[in-house]
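Visitor: The structure file model.cif (mmCIF, C-alpha atoms) is provided below.
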data_data
loop_
_atom_site.label_atom_id
_atom_site.label_comp_id
_atom_site.auth_asym_id
_atom_site.auth_seq_id
_atom_site.Cartn_x
_atom_site.Cartn_y
_atom_site.Cartn_z
CA MET Q 21 9.72 6.96 -48.40
CA TYR Q 22 11.62 7.91 -45.26
CA VAL Q 23 11.69 11.44 -43.81
CA TYR Q 24 14.27 12.37 -41.16
CA LEU Q 25 13.61 15.19 -38.69
CA TYR Q 26 16.94 16.46 -37.35
CA ASP Q 27 17.07 18.50 -34.15
CA SER Q 28 18.88 21.85 -34.38
CA PHE Q 29 21.57 20.82 -31.85
CA LEU Q 30 22.90 18.24 -34.32
CA ARG Q 31 24.52 21.11 -36.27
CA LYS Q 32 27.20 21.31 -33.59
CA LYS Q 33 30.63 20.13 -34.72
CA LYS Q 34 30.92 17.42 -32.07
CA PHE Q 35 28.03 15.50 -33.68
CA ASP Q 36 29.47 15.68 -37.23
CA SER Q 37 31.20 12.30 -37.13
CA THR Q 38 28.19 10.53 -35.56
CA MET Q 39 25.81 12.02 -38.13
CA LYS Q 40 28.10 11.02 -41.03
CA LEU Q 41 28.22 7.48 -39.70
CA VAL Q 42 24.41 7.40 -39.26
CA GLU Q 43 23.84 8.66 -42.81
CA THR Q 44 26.28 6.12 -44.25
CA ARG Q 45 24.55 3.27 -42.42
CA LEU Q 46 21.13 4.47 -43.61
CA THR Q 47 22.39 4.49 -47.21
CA ASP Q 48 23.84 0.98 -46.71
CA PHE Q 49 20.46 -0.28 -45.54
CA GLY Q 50 18.73 1.51 -48.43
CA ILE Q 51 16.52 3.61 -46.16
CA ALA Q 52 18.07 7.04 -46.65
CA GLY Q 53 15.55 9.79 -47.30
CA LYS Q 54 14.66 13.46 -47.05
CA ILE Q 55 16.26 15.42 -44.21
CA ILE Q 56 14.36 18.26 -42.51
CA ARG Q 57 16.08 20.35 -39.84
CA LEU Q 58 13.79 21.40 -37.00
CA GLN Q 59 13.88 24.90 -35.52
CA GLN Q 60 12.76 25.90 -32.03
CA TYR Q 61 9.31 27.07 -33.14
CA THR Q 62 8.73 24.55 -35.93
CA ASN Q 63 5.29 22.94 -35.85
CA ALA Q 64 6.15 19.29 -36.35
CA PHE Q 65 2.51 18.35 -37.00
CA GLN Q 66 2.25 20.55 -40.13
CA ILE Q 67 5.59 19.34 -41.52
CA ILE Q 68 4.70 15.68 -41.04
CA GLU Q 69 1.19 16.13 -42.52
CA GLU Q 70 2.72 17.75 -45.62
CA GLU Q 71 5.30 14.99 -45.97
CA ILE Q 72 2.62 12.30 -45.64
CA LYS Q 73 0.73 13.98 -48.51
CA ARG Q 74 3.95 13.83 -50.55
CA GLY Q 75 4.23 10.10 -49.91
CA ALA Q 76 6.22 9.71 -46.68
CA THR Q 77 5.62 6.32 -45.06
CA THR Q 78 8.04 6.56 -42.14
CA VAL Q 79 9.01 9.64 -40.13
CA VAL Q 80 12.24 9.29 -38.16
CA ILE Q 81 13.05 11.61 -35.27
CA VAL Q 82 16.79 12.24 -34.90
CA GLY Q 83 17.88 13.80 -31.61
CA ASN Q 84 17.36 13.25 -27.88
CA ASP Q 85 14.44 12.91 -25.41
CA GLU Q 86 13.50 16.56 -25.86
CA THR Q 87 13.31 16.20 -29.66
CA PHE Q 88 11.20 13.07 -29.26
CA GLY Q 89 8.75 14.87 -26.95
CA HIS Q 90 8.72 18.06 -29.04
CA VAL Q 91 7.77 16.22 -32.24
CA LEU Q 92 5.33 13.69 -30.83
CA SER Q 93 3.47 16.06 -28.48
CA ARG Q 94 1.78 17.45 -31.61
CA ALA Q 95 2.27 14.75 -34.19
CA ALA Q 96 1.22 11.58 -32.33
CA LEU Q 97 -2.10 11.83 -34.22
CA CYS Q 98 -0.44 11.62 -37.65
CA ASP Q 99 -1.20 8.46 -39.58
CA THR Q 100 2.34 7.23 -40.21
CA VAL Q 101 5.04 5.01 -38.74
CA PHE Q 102 7.53 6.74 -36.44
CA GLY Q 103 11.16 5.82 -35.96
CA PHE Q 104 13.81 7.20 -33.62
CA ILE Q 105 17.57 7.63 -33.97
CA PRO Q 106 18.91 8.81 -30.60
CA VAL Q 107 22.02 10.97 -30.80
CA GLY Q 108 23.96 12.65 -28.00
CA PRO Q 109 23.31 12.74 -24.24
CA GLU Q 110 19.89 12.69 -22.45
CA ASN Q 111 18.52 9.69 -24.28
CA SER Q 112 16.61 7.69 -21.67
CA ILE Q 113 13.53 7.01 -23.85
CA ALA Q 114 15.72 5.21 -26.40
CA GLU Q 115 16.74 2.68 -23.76
CA VAL Q 116 13.09 1.96 -22.94
CA LEU Q 117 12.34 1.49 -26.64
CA GLY Q 118 15.34 -0.82 -27.07
CA ILE Q 119 17.12 1.48 -29.51
CA SER Q 120 20.88 1.96 -29.12
CA VAL Q 121 22.31 5.49 -29.28
CA GLY Q 122 24.03 6.55 -32.52
CA ALA Q 123 24.56 4.49 -35.67
CA GLY Q 124 23.32 1.28 -33.99
CA ALA Q 125 19.78 2.66 -34.22
CA CYS Q 126 19.87 2.36 -38.05
CA GLU Q 127 19.78 -1.42 -37.78
CA VAL Q 128 16.68 -1.29 -35.54
CA LEU Q 129 15.06 1.08 -38.03
CA ALA Q 130 15.86 -1.20 -40.97
CA LYS Q 131 14.28 -4.21 -39.21
CA ARG Q 132 10.96 -2.32 -38.88
CA ARG Q 133 9.67 -4.10 -35.77
CA LYS Q 134 6.49 -2.03 -35.29
CA LEU Q 135 4.34 -1.68 -32.16
CA LEU Q 136 1.31 0.41 -31.26
CA LEU Q 137 2.09 2.36 -28.09
CA ASP Q 138 -0.16 4.14 -25.57
CA VAL Q 139 0.36 7.88 -25.13
CA GLY Q 140 -0.88 10.36 -22.56
CA TRP Q 141 -3.17 13.27 -23.48
CA PHE Q 142 -3.79 16.49 -21.57
CA ASN Q 143 -5.56 19.73 -22.56
CA ASN Q 144 -5.34 19.10 -26.33
CA ARG Q 145 -1.77 17.84 -26.57
CA TYR Q 146 0.03 14.53 -26.23
CA PHE Q 147 2.88 13.58 -23.95
CA ILE Q 148 5.03 10.58 -24.52
CA SER Q 149 7.44 10.15 -21.64
CA ARG Q 150 6.10 12.01 -18.58
CA LEU Q 151 4.09 14.89 -17.15
CA HIS Q 152 5.30 16.68 -14.02
CA ILE Q 153 3.56 19.12 -11.66
CA PRO Q 154 5.97 20.63 -9.08
CA PRO Q 155 4.64 20.99 -5.48
CA ALA Q 156 1.34 22.92 -5.53
CA ASP Q 157 -2.01 23.00 -3.67
CA ILE Q 158 -3.72 20.57 -6.04
CA THR Q 159 -6.66 18.20 -5.73
CA VAL Q 160 -6.65 15.07 -7.85
CA GLN Q 161 -9.74 13.18 -8.95
CA TYR Q 162 -9.38 9.73 -10.54
CA ASP Q 163 -11.76 8.24 -13.10
CA ASP Q 164 -14.69 10.20 -11.52
CA LYS Q 165 -14.56 7.74 -8.62
CA PHE Q 166 -12.28 8.96 -5.87
CA SER Q 167 -10.25 12.02 -4.97
CA VAL Q 168 -6.80 12.28 -3.42
CA SER Q 169 -5.57 15.12 -1.25
CA GLY Q 170 -2.67 15.67 1.14
CA ARG Q 171 -3.34 15.41 4.86
CA ASP Q 172 -3.51 18.85 6.51
CA SER Q 173 -3.88 20.20 2.92
CA ASN Q 174 -0.15 19.96 2.26
CA PRO Q 175 1.06 20.82 -1.26
CA MET Q 176 1.69 17.79 -3.48
CA GLU Q 177 4.02 16.94 -6.34
CA LEU Q 178 2.55 14.87 -9.18
CA VAL Q 179 4.28 12.87 -11.90
CA VAL Q 180 2.41 10.90 -14.57
CA CYS Q 181 4.54 8.29 -16.34
CA ASN Q 182 3.90 6.53 -19.58
CA LEU Q 183 7.08 5.38 -21.33
CA GLN Q 184 9.70 5.86 -18.66
CA PRO Q 185 9.90 4.31 -15.23
CA PHE Q 186 10.17 7.06 -12.67
CA VAL Q 187 12.54 6.91 -9.71
CA TRP Q 188 12.17 9.44 -6.94
CA GLU Q 189 15.32 11.34 -6.09
CA LYS Q 190 16.80 10.72 -2.67
CA ALA Q 191 14.21 8.09 -1.87
CA LYS Q 192 16.54 5.16 -1.27
CA LYS Q 193 13.89 2.83 0.08
CA PHE Q 194 11.62 3.27 -2.92
CA LYS Q 195 11.89 0.46 -5.40
CA GLU Q 196 11.99 1.18 -9.11
CA VAL Q 197 8.64 0.49 -10.74
CA ALA Q 198 8.59 -0.79 -14.28
CA VAL Q 199 5.91 1.15 -16.14
CA HIS Q 200 4.93 -0.53 -19.38
CA PRO Q 201 3.65 1.60 -22.25
CA GLN Q 202 1.21 -1.08 -23.34
CA ASP Q 203 -0.41 -1.91 -20.03
CA GLY Q 204 -3.52 0.12 -20.88
CA LYS Q 205 -3.13 2.56 -17.98
CA LEU Q 206 -1.06 5.56 -17.00
CA GLU Q 207 0.65 5.68 -13.62
CA ALA Q 208 0.45 8.71 -11.35
CA PHE Q 209 3.02 9.21 -8.58
CA ILE Q 210 2.05 11.65 -5.82
CA ARG Q 211 4.38 12.97 -3.12
CA PRO Q 212 3.04 15.33 -0.45
CA VAL Q 213 5.48 17.94 0.88
CA LEU Q 214 6.17 17.60 4.60
CA GLY Q 215 8.35 20.68 4.97
CA LYS Q 216 10.98 22.81 3.33
CA LYS Q 217 14.70 23.18 3.94
CA ILE Q 218 16.68 26.15 2.68
CA ILE Q 219 16.54 25.10 -0.98
CA ARG Q 220 14.88 21.70 -1.10
CA TYR Q 221 11.49 20.31 -0.15
CA ILE Q 222 11.17 17.38 2.25
CA TYR Q 223 8.86 14.81 0.71
CA ASP Q 224 6.86 11.97 2.19
CA ASP Q 225 6.78 8.45 0.71
CA PRO Q 226 5.08 8.45 -2.70
CA SER Q 227 1.61 7.17 -3.54
CA ILE Q 228 1.04 5.31 -6.82
CA PHE Q 229 -2.28 5.22 -8.67
CA PRO Q 230 -2.79 3.60 -12.08
CA PHE Q 231 -5.60 5.41 -13.95
CA GLN Q 232 -7.28 6.05 -17.29
CA GLU Q 233 -8.61 9.55 -16.67
CA MET Q 234 -7.61 12.07 -14.04
CA VAL Q 235 -8.57 15.67 -13.30
CA VAL Q 236 -6.08 17.91 -11.50
CA SER Q 237 -7.43 21.23 -10.25
CA SER Q 238 -6.41 24.09 -7.99
CA LYS Q 239 -7.61 27.55 -6.99
CA LYS Q 240 -4.20 29.00 -7.87
CA PRO Q 241 -2.46 28.38 -11.24
CA PHE Q 242 0.08 25.57 -11.12
CA ILE Q 243 2.99 24.67 -13.40
CA VAL Q 244 2.65 21.68 -15.73
CA GLU Q 245 5.76 20.29 -17.44
CA ALA Q 246 5.10 17.74 -20.17
CA ASP Q 247 8.01 16.31 -22.19
CA GLY Q 248 10.21 19.30 -21.35
CA LYS Q 249 7.60 21.99 -22.14
CA SER Q 250 5.97 23.93 -19.29
CA SER Q 251 2.74 25.91 -18.99
CA LYS Q 252 0.53 27.31 -16.22
CA GLU Q 253 -2.94 25.83 -15.71
CA THR Q 254 -5.75 25.84 -13.13
CA LYS Q 255 -7.43 22.63 -14.29
CA ILE Q 256 -6.16 19.81 -16.48
CA THR Q 257 -7.68 16.54 -17.60
CA ILE Q 258 -5.18 13.76 -18.25
CA ARG Q 259 -6.28 10.79 -20.33
CA LEU Q 260 -4.80 7.72 -21.90
CA ALA Q 261 -4.81 7.57 -25.69
CA LYS Q 262 -4.61 3.85 -26.29
CA ASN Q 263 -2.54 2.36 -29.15
CA ARG Q 264 -2.14 5.79 -30.70
CA LEU Q 265 1.49 5.74 -31.73
CA ASN Q 266 2.83 3.37 -34.39
CA MET Q 267 6.51 3.09 -33.57
CA VAL Q 268 9.54 1.10 -34.72
CA VAL Q 269 11.06 -0.46 -31.59
CA GLY Q 270 14.10 -2.58 -30.80
CA LYS Q 271 14.33 -6.19 -29.73
CA ASP Q 272 15.75 -5.21 -26.33
CA ARG Q 273 12.87 -2.90 -25.39
CA SER Q 274 11.84 -2.88 -21.74
CA PHE Q 275 8.17 -3.80 -22.31
CA MET U 22 36.81 -7.98 -4.08
CA PHE U 23 33.93 -6.52 -6.04
CA GLN U 24 31.25 -8.77 -4.58
CA LYS U 25 27.87 -7.18 -3.88
CA SER U 26 26.87 -6.64 -0.28
CA PRO U 27 23.90 -8.71 1.03
CA THR U 28 21.70 -5.58 1.18
CA GLU U 29 22.45 -4.77 -2.46
CA MET U 30 21.62 -8.31 -3.49
CA GLN U 31 18.38 -8.19 -1.48
CA ASN U 32 17.44 -4.90 -3.18
CA GLU U 33 18.04 -6.48 -6.58
CA VAL U 34 15.84 -9.44 -5.73
CA GLU U 35 13.13 -7.12 -4.41
CA HIS U 36 13.36 -5.02 -7.56
CA LYS U 37 12.97 -8.10 -9.77
CA ILE U 38 9.95 -9.33 -7.81
CA TYR U 39 8.38 -5.90 -7.91
CA SER U 40 8.94 -5.27 -11.59
CA GLU U 41 7.59 -8.67 -12.57
CA ASP U 42 4.35 -7.99 -10.76
CA THR U 43 1.79 -5.48 -11.99
CA VAL U 44 2.12 -1.94 -10.66
CA GLU U 45 0.57 -1.71 -7.21
CA THR U 46 -1.73 1.01 -6.07
CA VAL U 47 -0.10 2.64 -3.07
CA VAL U 48 -1.79 5.14 -0.76
CA GLY U 49 1.09 6.99 0.92
CA PRO U 50 1.22 7.76 4.66
CA SER U 51 0.25 11.43 4.40
CA VAL U 52 -2.38 11.04 1.69
CA HIS U 53 -6.15 10.94 2.16
CA VAL U 54 -8.36 9.15 -0.39
CA GLU U 55 -12.11 9.72 -0.50
CA GLY U 56 -14.65 7.92 -2.68
CA ASP U 57 -15.05 4.53 -4.34
CA PHE U 58 -11.50 3.33 -4.38
CA SER U 59 -11.19 0.28 -6.62
CA SER U 60 -8.32 -1.43 -8.40
CA GLU U 61 -7.65 -4.56 -10.42
CA GLY U 62 -4.18 -4.95 -8.92
CA ASN U 63 -2.76 -5.12 -5.42
CA ILE U 64 -3.55 -2.23 -3.06
CA LEU U 65 -1.20 -1.07 -0.32
CA VAL U 66 -2.66 1.41 2.17
CA LYS U 67 -0.33 3.44 4.39
CA GLY U 68 -2.54 6.53 4.73
CA SER U 69 -6.28 7.01 5.20
CA VAL U 70 -9.19 5.98 2.98
CA ALA U 71 -12.89 6.90 3.35
CA GLY U 72 -15.68 5.51 1.15
CA SER U 73 -15.25 1.99 -0.16
CA VAL U 74 -12.24 -0.15 -1.05
CA GLN U 75 -12.38 -2.92 -3.63
CA THR U 76 -9.74 -5.06 -5.33
CA SER U 77 -9.68 -8.40 -7.09
CA LYS U 78 -6.24 -9.15 -5.64
CA LEU U 79 -4.35 -8.48 -2.41
CA LEU U 80 -5.14 -5.64 0.01
CA THR U 81 -2.44 -4.72 2.52
CA VAL U 82 -3.21 -2.25 5.29
CA GLU U 83 -0.05 -1.16 7.08
CA GLU U 84 0.28 -0.20 10.73
CA GLY U 85 -0.88 3.38 11.26
CA ALA U 86 -3.19 3.32 8.23
CA LYS U 87 -6.93 3.88 8.67
CA ILE U 88 -9.79 2.75 6.44
CA THR U 89 -13.28 4.06 7.17
CA ALA U 90 -15.06 2.04 4.53
CA ASN U 91 -16.47 -1.30 3.51
CA VAL U 92 -13.69 -3.47 2.14
CA ARG U 93 -13.79 -6.18 -0.54
CA ALA U 94 -10.74 -8.13 -1.71
CA GLU U 95 -9.51 -11.57 -2.67
CA ASN U 96 -6.83 -11.70 0.03
CA ALA U 97 -5.96 -9.22 2.77
CA ILE U 98 -3.23 -8.59 5.32
CA ILE U 99 -4.41 -6.10 7.95
CA SER U 100 -2.02 -4.35 10.34
CA GLY U 101 -3.89 -1.04 10.59
CA GLU U 102 -7.39 0.08 11.53
CA ILE U 103 -10.60 -0.68 9.61
CA GLN U 104 -14.02 0.75 10.46
CA GLY U 105 -16.45 -1.08 8.20
CA ASN U 106 -17.39 -4.52 6.97
CA VAL U 107 -14.59 -6.66 5.55
CA ARG U 108 -15.47 -9.17 2.81
CA ILE U 109 -12.57 -11.37 1.69
CA SER U 110 -13.12 -14.18 -0.81
CA GLU U 111 -10.00 -16.14 0.16
CA LYS U 112 -7.59 -15.51 3.06
CA LEU U 113 -7.65 -12.76 5.69
CA GLU U 114 -4.64 -12.22 7.93
CA LEU U 115 -4.90 -10.00 11.02
CA THR U 116 -1.56 -9.07 12.57
CA LEU U 117 -1.05 -8.00 16.20
CA SER U 118 -1.63 -4.31 15.48
CA ALA U 119 -4.87 -4.88 13.51
CA ARG U 120 -8.08 -3.17 14.72
CA VAL U 121 -11.30 -4.12 12.92
CA THR U 122 -14.69 -2.62 13.87
CA GLY U 123 -17.19 -4.37 11.63
CA ASP U 124 -18.33 -7.73 10.35
CA ILE U 125 -15.79 -10.05 8.72
CA SER U 126 -16.51 -12.58 6.00
CA CYS U 127 -13.74 -14.81 4.62
CA LYS U 128 -12.75 -18.36 3.67
CA VAL U 129 -9.53 -18.66 5.69
CA LEU U 130 -8.77 -16.52 8.75
CA ALA U 131 -5.41 -16.09 10.49
CA VAL U 132 -5.37 -13.97 13.65
CA GLU U 133 -2.17 -13.04 15.48
CA ALA U 134 -2.31 -12.60 19.26
CA GLY U 135 -3.09 -8.95 20.02
CA ALA U 136 -5.38 -8.25 17.08
CA LEU U 137 -8.72 -6.67 18.01
CA VAL U 138 -12.05 -7.43 16.31
CA TYR U 139 -15.47 -6.02 17.21
CA GLY U 140 -18.10 -7.64 14.99
CA LYS U 141 -19.46 -10.86 13.50
CA ILE U 142 -17.16 -13.33 11.77
CA ILE U 143 -18.68 -15.45 9.00
CA MET U 144 -16.59 -18.13 7.35
CA LYS U 145 -17.74 -19.60 4.07
CA GLY U 146 -16.89 -23.27 4.72
CA LEU U 147 -19.41 -23.56 7.58
CA GLU U 148 -22.07 -21.69 5.65
CA ASP U 149 -21.88 -24.35 2.91
CA ALA U 150 -22.10 -27.19 5.44
CA SER U 151 -25.24 -25.74 7.03
CA SER U 152 -26.88 -25.29 3.63
CA LYS U 153 -26.09 -28.95 2.80
CA LYS U 154 -27.81 -30.10 6.01
CA LYS U 155 -30.90 -28.12 5.08
CA LEU U 156 -31.18 -29.83 1.69
CA PRO U 157 -33.13 -32.96 2.83
CA LEU U 158 -35.71 -30.69 4.48
CA LYS U 159 -36.21 -28.87 1.20
CA LYS U 160 -36.48 -32.20 -0.56
CA ARG U 161 -39.15 -33.31 1.89
CA SER U 162 -41.18 -30.16 1.36
CA LEU U 163 -40.82 -30.58 -2.40
CA ASP U 164 -42.02 -34.18 -2.17
CA LYS U 165 -45.04 -33.02 -0.18
CA SER U 166 -45.93 -30.42 -2.77
CA ASP U 167 -45.55 -33.01 -5.53
CA MET U 168 -47.86 -35.34 -3.60
CA SER U 169 -50.51 -32.67 -3.22
CA GLU U 170 -50.29 -31.86 -6.94
CA GLU U 171 -50.76 -35.51 -7.79
CA LEU U 172 -53.77 -35.68 -5.46
CA GLU U 173 -55.31 -32.61 -7.08
CA ASN U 174 -54.82 -34.09 -10.54
CA ALA U 175 -56.48 -37.34 -9.47
#
Rewrite the coordinates I just gave you, this time as structure tokens.

Guide:
Amino acid sequence: MYVYLYDSFLRKKKFDSTMKLVETRLTDFGIAGKIIRLQQYTNAFQIIEEEIKRGATTVVIVGNDETFGHVLSRAALCDTVFGFIPVGPENSIAEVLGISVGAGACEVLAKRRKLLLDVGWFNNRYFISRLHIPPADITVQYDDKFSVSGRDSNPMELVVCNLQPFVWEKAKKFKEVAVHPQDGKLEAFIRPVLGKKIIRYIYDDPSIFPFQEMVVSSKKPFIVEADGKSSKETKITIRLAKNRLNMVVGKDRSF
Amino acid sequence: MFQKSPTEMQNEVEHKIYSEDTVETVVGPSVHVEGDFSSEGNILVKGSVAGSVQTSKLLTVEEGAKITANVRAENAIISGEIQGNVRISEKLELTLSARVTGDISCKVLAVEAGALVYGKIIMKGLEDASSKKKLPLKKRSLDKSDMSEELENA
């Protein structure tokens, strides 16, 4: 049995035609199922657990990158197959997974090409695409082996990538790095701040460290943004949860 | 009319080469690393490292970078400064801006004019040849011991 988790923004009129087309295609493929509309404070984990008890075999997230992160940050542990139908703008994860935006995703879902993907874990929650720490006075320790700090104790920006390749803004020389979700490691990108202009920071060239476990600490609380959700922490441990997520992916995936 | 400029094409080629390879570990120019720094992939050092550096692939130390540690790698291209012993299993390349204070051990060594080295250089090919020459001596000593054993038995 299929369960579809719709994001709340899909209620907008401009998505009506796309959603009708998606639902028609799902019926054509014989994989239509129960539709649950997510609210801002809905706990996706509880909903999915209940649906699994009722016999759900596949849970399909319908929405954009934010919906994907919101659902899987809590529910990556659930013992079920996940699918994704990207709708609307801000759908970069779909491209990585090889799923086309809109009704085209129904075909990928019907083919059921499943893969076990790695996900990141930090302070009791999962992140799928990336974790971002804006410039702060942080110290980073990798795999209990070595520590990284900015020269002259400059503040540093940190980005940990799992699914998406990360490209630094305004860094023309920097080549795009393909980060594969199944390579068995997470990738951390560190950029020390050299100075500050009126609004923007001036960054140095980035450092890249693949890792399995990393501890980020600071004397002052720093902001952590993971899959669009932000919180303030003084110490976080980031780990790799290997082959945690059973996901339906497309043929044209980038890994 | 819409042809790509040579720089764009070069960038594309670079991108392809880079993405096909495994992700490199890069130590940026204003970053300091301390501890046992090891990686299974290529390491590129632009900043400073203290402790030890180890990789099973290529180590590249750029000009201006400083490593205060013992280094182990399969291949290495050094353009910066190293204070510590360097142990390379295959090829070591020292460019004109390289400064090495410590013993070097490698199989193949390429030194550009201007590179500075203060320490012993041991190359594996010669080490093998010297050990081969010593073999007959060992054989002789073994024969002697065998002879004495035989005499004792008699």

Visitor: Find the residues in chain Q near chain U: any atom within 9 Å counts, using only C-alpha atoms. Write them as a ChimeraX atom specification.

Guide: /Q:165-172,174,195-199,207,210-212,214,224-230

Visitor: Please enumerate the residues selected by the PyMOL selection byres ((chain Q and resi 247) around 12) when evaluated against the supplied file, formatted as number ranges by chain.

Guide: Q: 84-94, 113, 139-142, 145-153, 179-184, 244-246, 248-251

Visitor: From the list U:Asn91, U:Ser77, U:Asn63, U:Asn96, which residue is nearest U:Asp124 when using all atoms listed in the file?

Guide: U:Asn91

Visitor: Choose the residue, out of Q:Phe35, Q:Phe209, Q:Tyr22, Q:Phe65, that has the smallest atom-to-atom separation from Q:Val101; count all atoms listed in the file.

Guide: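 Going through Q:Phe35, Q:Phe209, Q:Tyr22, Q:Phe65 one by one, the smallest distance to Q:Val101 is for Q:Tyr22.
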
Visitor: If you count only C-alpha atoms, which residues fall within 9 Å of Q:Lys134, apart from same-chain ones fewer than 4 positions away, as number ranges by chain?

Guide: Q: 101-102, 266-270

Visitor: Could you jot down the atom CA of Q:Asp138 to atom CA of Q:Ile51 separation for me, Å, one decimal place?

Guide: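 According to the coordinates, atom CA of Q:Asp138 and atom CA of Q:Ile51 are separated by 26.5 Å.
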
Visitor: U:Gly123: which residues within 12 Å, counting all atoms listed in the file, same-chain residues fewer than 5 positions away excluded, as a list of chain:residue names?

Guide: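 Result of the neighbour search: U:Ile88, U:Thr89, U:Ala90, U:Asn91, U:Val92, U:Glu102, U:Ile103, U:Gln104, U:Gly105, U:Asn106, U:Val107, U:Arg108, U:Leu137, U:Val138, U:Tyr139, U:Gly140, U:Lys141, U:Ile142, U:Ile143.
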
Visitor: Which distance in Å separates atom CA of Q:Ala52 and atom CA of Q:Asp36, to one decimal?

Guide: 17.1 Å

Visitor: Near stretch 118-122 of chain Q, within 8 Å and counting only C-alpha atoms, which residues show up once chain neighbours fewer than 4 positions away are dropped, as an mmCIF file with C-alpha atoms, keeping the file's coordinate frame?

Guide:
data_model
loop_
_atom_site.group_PDB
_atom_site.id
_atom_site.type_symbol
_atom_site.label_atom_id
_atom_site.label_comp_id
_atom_site.auth_asym_id
_atom_site.auth_seq_id
_atom_site.Cartn_x
_atom_site.Cartn_y
_atom_site.Cartn_z
ATOM 1 C CA THR Q 38 28.190 10.530 -35.560
ATOM 2 C CA VAL Q 42 24.410 7.400 -39.260
ATOM 3 C CA PHE Q 104 13.810 7.200 -33.620
ATOM 4 C CA ILE Q 105 17.570 7.630 -33.970
ATOM 5 C CA PRO Q 106 18.910 8.810 -30.600
ATOM 6 C CA VAL Q 107 22.020 10.970 -30.800
ATOM 7 C CA GLY Q 108 23.960 12.650 -28.000
ATOM 8 C CA ASN Q 111 18.520 9.690 -24.280
ATOM 9 C CA ALA Q 114 15.720 5.210 -26.400
ATOM 10 C CA VAL Q 128 16.680 -1.290 -35.540
ATOM 11 C CA VAL Q 269 11.060 -0.460 -31.590
ATOM 12 C CA GLY Q 270 14.100 -2.580 -30.800
ATOM 13 C CA LYS Q 271 14.330 -6.190 -29.730
ATOM 14 C CA ASP Q 272 15.750 -5.210 -26.330
ATOM 15 C CA ARG Q 273 12.870 -2.900 -25.390
ATOM 16 C CA SER Q 274 11.840 -2.880 -21.740
#

Visitor: Go through the shown structure with the PyMOL selection byres ((chain Q and resi 262) around 8) and write out the matching residues as number ranges by chain.

Guide: Q: 137-139, 204, 260-261, 263-264

Visitor: Would you export the selected residues with C-alpha atoms as a PDB file, keeping the file's coordinate frame, please?

Guide:
ATOM      1  CA  LEU Q 137       2.090   2.360 -28.090  1.00  0.00           C
ATOM      2  CA  ASP Q 138      -0.160   4.140 -25.570  1.00  0.00           C
ATOM      3  CA  VAL Q 139       0.360   7.880 -25.130  1.00  0.00           C
ATOM      4  CA  GLY Q 204      -3.520   0.120 -20.880  1.00  0.00           C
ATOM      5  CA  LEU Q 260      -4.800   7.720 -21.900  1.00  0.00           C
ATOM      6  CA  ALA Q 261      -4.810   7.570 -25.690  1.00  0.00           C
ATOM      7  CA  ASN Q 263      -2.540   2.360 -29.150  1.00  0.00           C
ATOM      8  CA  ARG Q 264      -2.140   5.790 -30.700  1.00  0.00           C
TER       9      ARG Q 264
END

Visitor: For atom CA of U:Thr81 and atom CA of Q:Thr257, quote the distance in Å rounded to one decimal.

Guide: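 Going from atom CA of U:Thr81 over to atom CA of Q:Thr257 covers 29.7 Å.
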
Visitor: Counting all atoms listed in the file, figure out which residue out of Q:Lys40, Q:Lys252, Q:Lys73, Q:Arg57 gets nearest to Q:Ala156.

Guide: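 Among the listed residues, Q:Lys252 lies closest to Q:Ala156.
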